[in-house]
Structures are given as structure tokens and as C-alpha cells.
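A.B. asks: Handing over work16.cif, mmCIF, C-alpha atoms.
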data_target
loop_
_atom_site.group_PDB
_atom_site.id
_atom_site.type_symbol
_atom_site.label_atom_id
_atom_site.label_comp_id
_atom_site.auth_asym_id
_atom_site.auth_seq_id
_atom_site.Cartn_x
_atom_site.Cartn_y
_atom_site.Cartn_z
ATOM 1 C CA MET A 1 2.864 -19.952 -0.129
ATOM 2 C CA TRP A 2 1.251 -17.693 -2.704
ATOM 3 C CA PRO A 3 -2.479 -18.551 -2.645
ATOM 4 C CA TYR A 4 -3.668 -17.228 -6.034
ATOM 5 C CA LYS A 5 -3.704 -18.822 -9.466
ATOM 6 C CA THR A 6 -4.908 -15.837 -11.500
ATOM 7 C CA ILE A 7 -2.464 -13.222 -10.180
ATOM 8 C CA SER A 8 1.245 -13.477 -9.497
ATOM 9 C CA ARG A 9 3.287 -11.855 -6.739
ATOM 10 C CA ARG A 10 4.997 -9.855 -9.489
ATOM 11 C CA GLN A 11 1.673 -8.444 -10.740
ATOM 12 C CA LEU A 12 0.719 -7.371 -7.220
ATOM 13 C CA GLU A 13 4.095 -5.683 -6.693
ATOM 14 C CA GLU A 14 3.724 -3.861 -10.031
ATOM 15 C CA LYS A 15 0.343 -2.536 -8.869
ATOM 16 C CA LYS A 16 1.976 -1.307 -5.661
ATOM 17 C CA ASN A 17 4.520 0.518 -7.841
ATOM 18 C CA LEU A 18 1.616 2.219 -9.636
ATOM 19 C CA VAL A 19 0.111 3.290 -6.305
ATOM 20 C CA GLU A 20 3.446 4.844 -5.331
ATOM 21 C CA ARG A 21 3.672 6.719 -8.639
ATOM 22 C CA LEU A 22 0.147 8.053 -8.115
ATOM 23 C CA LEU A 23 1.056 9.173 -4.594
ATOM 24 C CA THR A 24 3.902 11.265 -5.984
ATOM 25 C CA ARG A 25 1.601 12.668 -8.682
ATOM 26 C CA LEU A 26 -0.664 13.916 -5.873
ATOM 27 C CA GLY A 27 2.276 15.586 -4.142
ATOM 28 C CA ALA A 28 3.536 12.958 -1.693
ATOM 29 C CA VAL A 29 7.303 13.004 -1.202
ATOM 30 C CA PRO A 30 9.413 9.869 -0.665
ATOM 31 C CA THR A 31 11.302 9.709 2.629
ATOM 32 C CA ASP A 32 14.072 7.540 3.988
ATOM 33 C CA LEU A 33 11.950 6.652 7.022
ATOM 34 C CA GLY A 34 11.008 3.189 8.072
ATOM 35 C CA PRO A 35 13.108 0.095 7.905
ATOM 36 C CA PRO A 36 11.919 -2.717 5.637
ATOM 37 C CA HIS A 37 9.159 -4.538 7.432
ATOM 38 C CA LEU A 38 8.089 -8.147 7.403
ATOM 39 C CA VAL A 39 4.749 -8.526 5.692
ATOM 40 C CA SER A 40 2.791 -11.548 6.783
ATOM 41 C CA SER A 41 -0.576 -11.845 5.096
ATOM 42 C CA CYS A 42 -3.040 -14.633 5.696
ATOM 43 C CA GLY A 43 -5.977 -15.443 3.524
ATOM 44 C CA ALA A 44 -7.250 -17.415 0.582
ATOM 45 C CA GLY A 45 -6.272 -20.608 2.369
ATOM 46 C CA GLY A 46 -2.617 -19.697 2.607
ATOM 47 C CA LYS A 47 -0.028 -17.487 4.216
ATOM 48 C CA GLU A 48 2.490 -15.286 2.467
ATOM 49 C CA THR A 49 5.453 -13.834 4.341
ATOM 50 C CA PHE A 50 8.162 -11.690 2.793
ATOM 51 C CA LEU A 51 10.331 -8.670 3.517
ATOM 52 C CA SER A 52 8.743 -5.542 2.069
ATOM 53 C CA ARG A 53 10.959 -2.679 0.977
ATOM 54 C CA ARG A 54 8.220 -0.174 0.231
ATOM 55 C CA THR A 55 8.962 3.530 0.462
ATOM 56 C CA VAL A 56 7.317 5.660 3.130
ATOM 57 C CA TYR A 57 5.888 8.876 1.693
ATOM 58 C CA ARG A 58 5.151 12.164 3.423
ATOM 59 C CA PHE A 59 2.085 14.154 2.471
ATOM 60 C CA GLU A 60 1.536 17.317 4.464
ATOM 61 C CA ASP A 61 1.906 16.225 8.121
ATOM 62 C CA SER A 62 1.341 12.474 7.656
ATOM 63 C CA PHE A 63 3.209 9.411 6.421
ATOM 64 C CA TYR A 64 1.969 6.679 4.063
ATOM 65 C CA ARG A 65 3.162 3.298 2.808
ATOM 66 C CA VAL A 66 1.407 0.842 0.484
ATOM 67 C CA ASP A 67 0.756 -2.637 1.878
ATOM 68 C CA GLU A 68 -1.468 -5.622 1.121
ATOM 69 C CA LEU A 69 -4.184 -7.843 2.528
ATOM 70 C CA LEU A 70 -4.766 -11.302 1.095
ATOM 71 C CA PHE A 71 -8.492 -11.971 1.034
ATOM 72 C CA ARG A 72 -9.938 -15.270 -0.132
ATOM 73 C CA GLU A 73 -11.222 -13.999 -3.477
ATOM 74 C CA LYS A 74 -8.285 -11.733 -4.347
ATOM 75 C CA PRO A 75 -5.617 -9.511 -2.815
ATOM 76 C CA PHE A 76 -6.423 -5.992 -1.701
ATOM 77 C CA LEU A 77 -4.101 -3.026 -1.296
ATOM 78 C CA VAL A 78 -4.121 -0.901 1.816
ATOM 79 C CA MET A 79 -2.363 2.300 2.707
ATOM 80 C CA GLU A 80 -0.621 2.335 6.060
ATOM 81 C CA CYS A 81 -0.822 5.747 7.716
ATOM 82 C CA ALA A 82 1.005 7.482 10.547
ATOM 83 C CA SER A 83 1.018 10.981 11.940
ATOM 84 C CA ARG A 84 4.434 10.752 13.618
ATOM 85 C CA GLU A 85 7.860 9.532 12.554
ATOM 86 C CA GLU A 86 8.042 7.320 15.647
ATOM 87 C CA GLU A 87 5.043 5.328 14.425
ATOM 88 C CA VAL A 88 6.827 4.690 11.141
ATOM 89 C CA GLN A 89 10.102 3.704 12.826
ATOM 90 C CA ASN A 90 8.274 1.372 15.247
ATOM 91 C CA ASN A 91 6.148 -0.080 12.437
ATOM 92 C CA THR A 92 2.931 0.888 14.246
ATOM 93 C CA MET A 93 1.229 2.538 11.293
ATOM 94 C CA GLU A 94 -2.570 2.261 11.031
ATOM 95 C CA ASP A 95 -4.349 0.765 8.012
ATOM 96 C CA ALA A 96 -6.766 2.825 5.947
ATOM 97 C CA ASP A 97 -9.679 1.153 4.146
ATOM 98 C CA PRO A 98 -8.399 -1.518 1.736
ATOM 99 C CA PHE A 99 -9.256 -1.521 -1.965
ATOM 100 C CA PRO A 100 -9.092 -4.322 -4.569
ATOM 101 C CA TRP A 101 -5.725 -4.741 -6.262
ATOM 102 C CA ASP A 102 -7.344 -4.836 -9.712
ATOM 103 C CA LEU A 103 -8.839 -1.342 -9.727
ATOM 104 C CA GLY A 104 -7.885 0.804 -12.697
ATOM 105 C CA GLU A 105 -5.537 3.763 -12.438
ATOM 106 C CA GLU A 106 -8.317 6.373 -12.175
ATOM 107 C CA GLU A 107 -10.102 4.359 -9.485
ATOM 108 C CA ILE A 108 -6.908 4.043 -7.464
ATOM 109 C CA LEU A 109 -6.291 7.753 -7.903
ATOM 110 C CA ALA A 110 -9.797 8.420 -6.513
ATOM 111 C CA GLU A 111 -9.041 6.187 -3.499
ATOM 112 C CA LEU A 112 -5.812 8.076 -2.825
ATOM 113 C CA ARG A 113 -7.474 11.482 -3.248
ATOM 114 C CA GLU A 114 -10.056 10.507 -0.669
ATOM 115 C CA LEU A 115 -7.413 9.222 1.754
ATOM 116 C CA LEU A 116 -5.215 12.308 1.357
ATOM 117 C CA GLU A 117 -8.251 14.602 1.273
ATOM 118 C CA VAL A 118 -7.112 16.107 -2.010
ATOM 119 C CA ASP A 119 -9.760 18.002 -3.980
ATOM 120 C CA ARG A 120 -10.708 16.310 -7.194
#
Produce C-alpha cells that represent the structure in this file.
C.D. replies:
Amino acid sequence: MWPYKTISRRQLEEKKNLVERLLTRLGAVPTDLGPPHLVSSCGAGGKETFLSRRTVYRFEDSFYRVDELLFREKPFLVMECASREEEVQNNTMEDADPFPWDLGEEEILAELRELLEVDR
């Protein structure tokens, strides 16, 4: 059950789309790696489970996929990271530091630059 009244699932998915566009702007390349994975987020007094079909991106020697964390006050976005294809295929990617879903485009871009270690 979706636990928020001020944001819809659709709005969160649209923000994930923005994150993916920003990844490609920074030079990440979409791959065909990684099967869809079941996202099960708990928080805000509820649990949300759905099948995510997010693209895995390659940047230099690492792989990235946008995901979510449902905190009580609001959802956060998190980038899943892996250094090997096997980690992607086995869905054992590690989470980077999460950031609020409602950051602006430039703030998200700054988060991604820091994660990817791209000069500003």
C-alpha cells in the first residue's frame, strides 16, 4: 500500500526517469544487464512492493541503477552500484547514500556527480 498522501507513485517514477536522463547526460550508457527486480520498500507505516524495470547503466567500470527507500516523512532515491556484471545479474548491488526524491534537477545532478566522481 502506497503510504504517502502528498506524492503519488507516478510522481516518484517520473523523478526516477529524470535521474536516468541525468545519468546519460553525465556519460553513463544504458545496458541490457539485470533482470527486473522486485522492489519491496517499507516505511511511513506501510509497505510497497512492485516489479521494477529500471535500466542498469554503465559508467566507466561500474554499474548503476536508480532505486527507492520509503522513509516516514517522504521517499528517498538511492543509486544501486556494482563493480561486476555478476553483482547486477544476482541483484546484489550495493546502495549509495540516499537523497530526497524532491531535490531539484541541479541538486540531483550534484549528487550524481559526487557518486560518479565527475568533476563539476
A.B. asks: Find the spatial neighbours of A:Glu111, counting only C-alpha atoms, within a cut-off of 12 Å - ignore same-chain residues fewer than 2 positions away - and output them as number ranges by chain.
C.D. replies: A: 19, 22-23, 26, 77-79, 96-101, 103-109, 113-120
A.B. asks: In Å to one decimal, how far is atom CA of A:Arg58 from atom CA of A:Arg84?
C.D. replies: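 Between atom CA of A:Arg84 and atom CA of A:Arg58 the gap is 10.3 Å.
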A.B. asks: Report, in Å to a single decimal, how far apart atom CA of A:Tyr64 and atom CA of A:Glu80 are.
C.D. replies: 5.4 Å
A.B. asks: Which residue gives the smallest distance to A:Met93 among A:Lys5, A:Lys74, A:Lys15, A:Arg65, with all atoms listed in the file counted?
C.D. replies: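 Of A:Lys5, A:Lys74, A:Lys15, A:Arg65, the one nearest A:Met93 is A:Arg65, counting all atoms listed in the file.
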A.B. asks: Go through A:Glu13, A:Glu85, A:Asp32, A:Glu73 one by one, measure the shortest atom-to-atom distance of each to A:Asp61 using all atoms listed in the file, and give the residue with the smallest value.
C.D. replies: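 Ranked by minimum distance to A:Asp61, first place goes to A:Glu85.
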A.B. asks: Quick one: apply the PyMOL selection byres ((chain A and resi 34) around 12) to the file and drop the selected residues here as a PyMOL selection string.
C.D. replies: chain A and resi 30-33+35-38+52-58+63-65+80+82+84-93
A.B. asks: Which centre and edge lengths in Å to one decimal define the box along x, y and z that fits every listed atom of stretch 89-108 of chain A plus 3 Å per side, as AutoDock Vina command-line options?
C.D. replies:
--center_x 0.0 --center_y 0.8 --center_z 1.3 --size_x 26.2 --size_y 17.2 --size_z 33.9
A.B. asks: Measuring atom to atom with only C-alpha atoms, identify which of A:Leu112, A:Pro75, A:Arg25, A:Asp95 is nearest to A:Tyr4.
C.D. replies: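 Closest residue, counting only C-alpha atoms: A:Pro75.
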A.B. asks: Could you tell me which of A:Ser83, A:Ser8, A:Phe59, A:Glu94 comes closest to A:Ala28 if we count all atoms listed in the file?
C.D. replies: A:Phe59
A.B. asks: Quick one, how far is atom CA of A:Asp67 from atom CA of A:Thr6?
C.D. replies: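 Separation between atom CA of A:Asp67 and atom CA of A:Thr6: 19.6 Å.
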A.B. asks: Considering all atoms listed in the file, can you say which of A:Val29, A:Ala110, A:Leu70, A:Leu18 comes closest to A:Met1?
C.D. replies: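 For A:Met1, the nearest of the given residues is A:Leu70.
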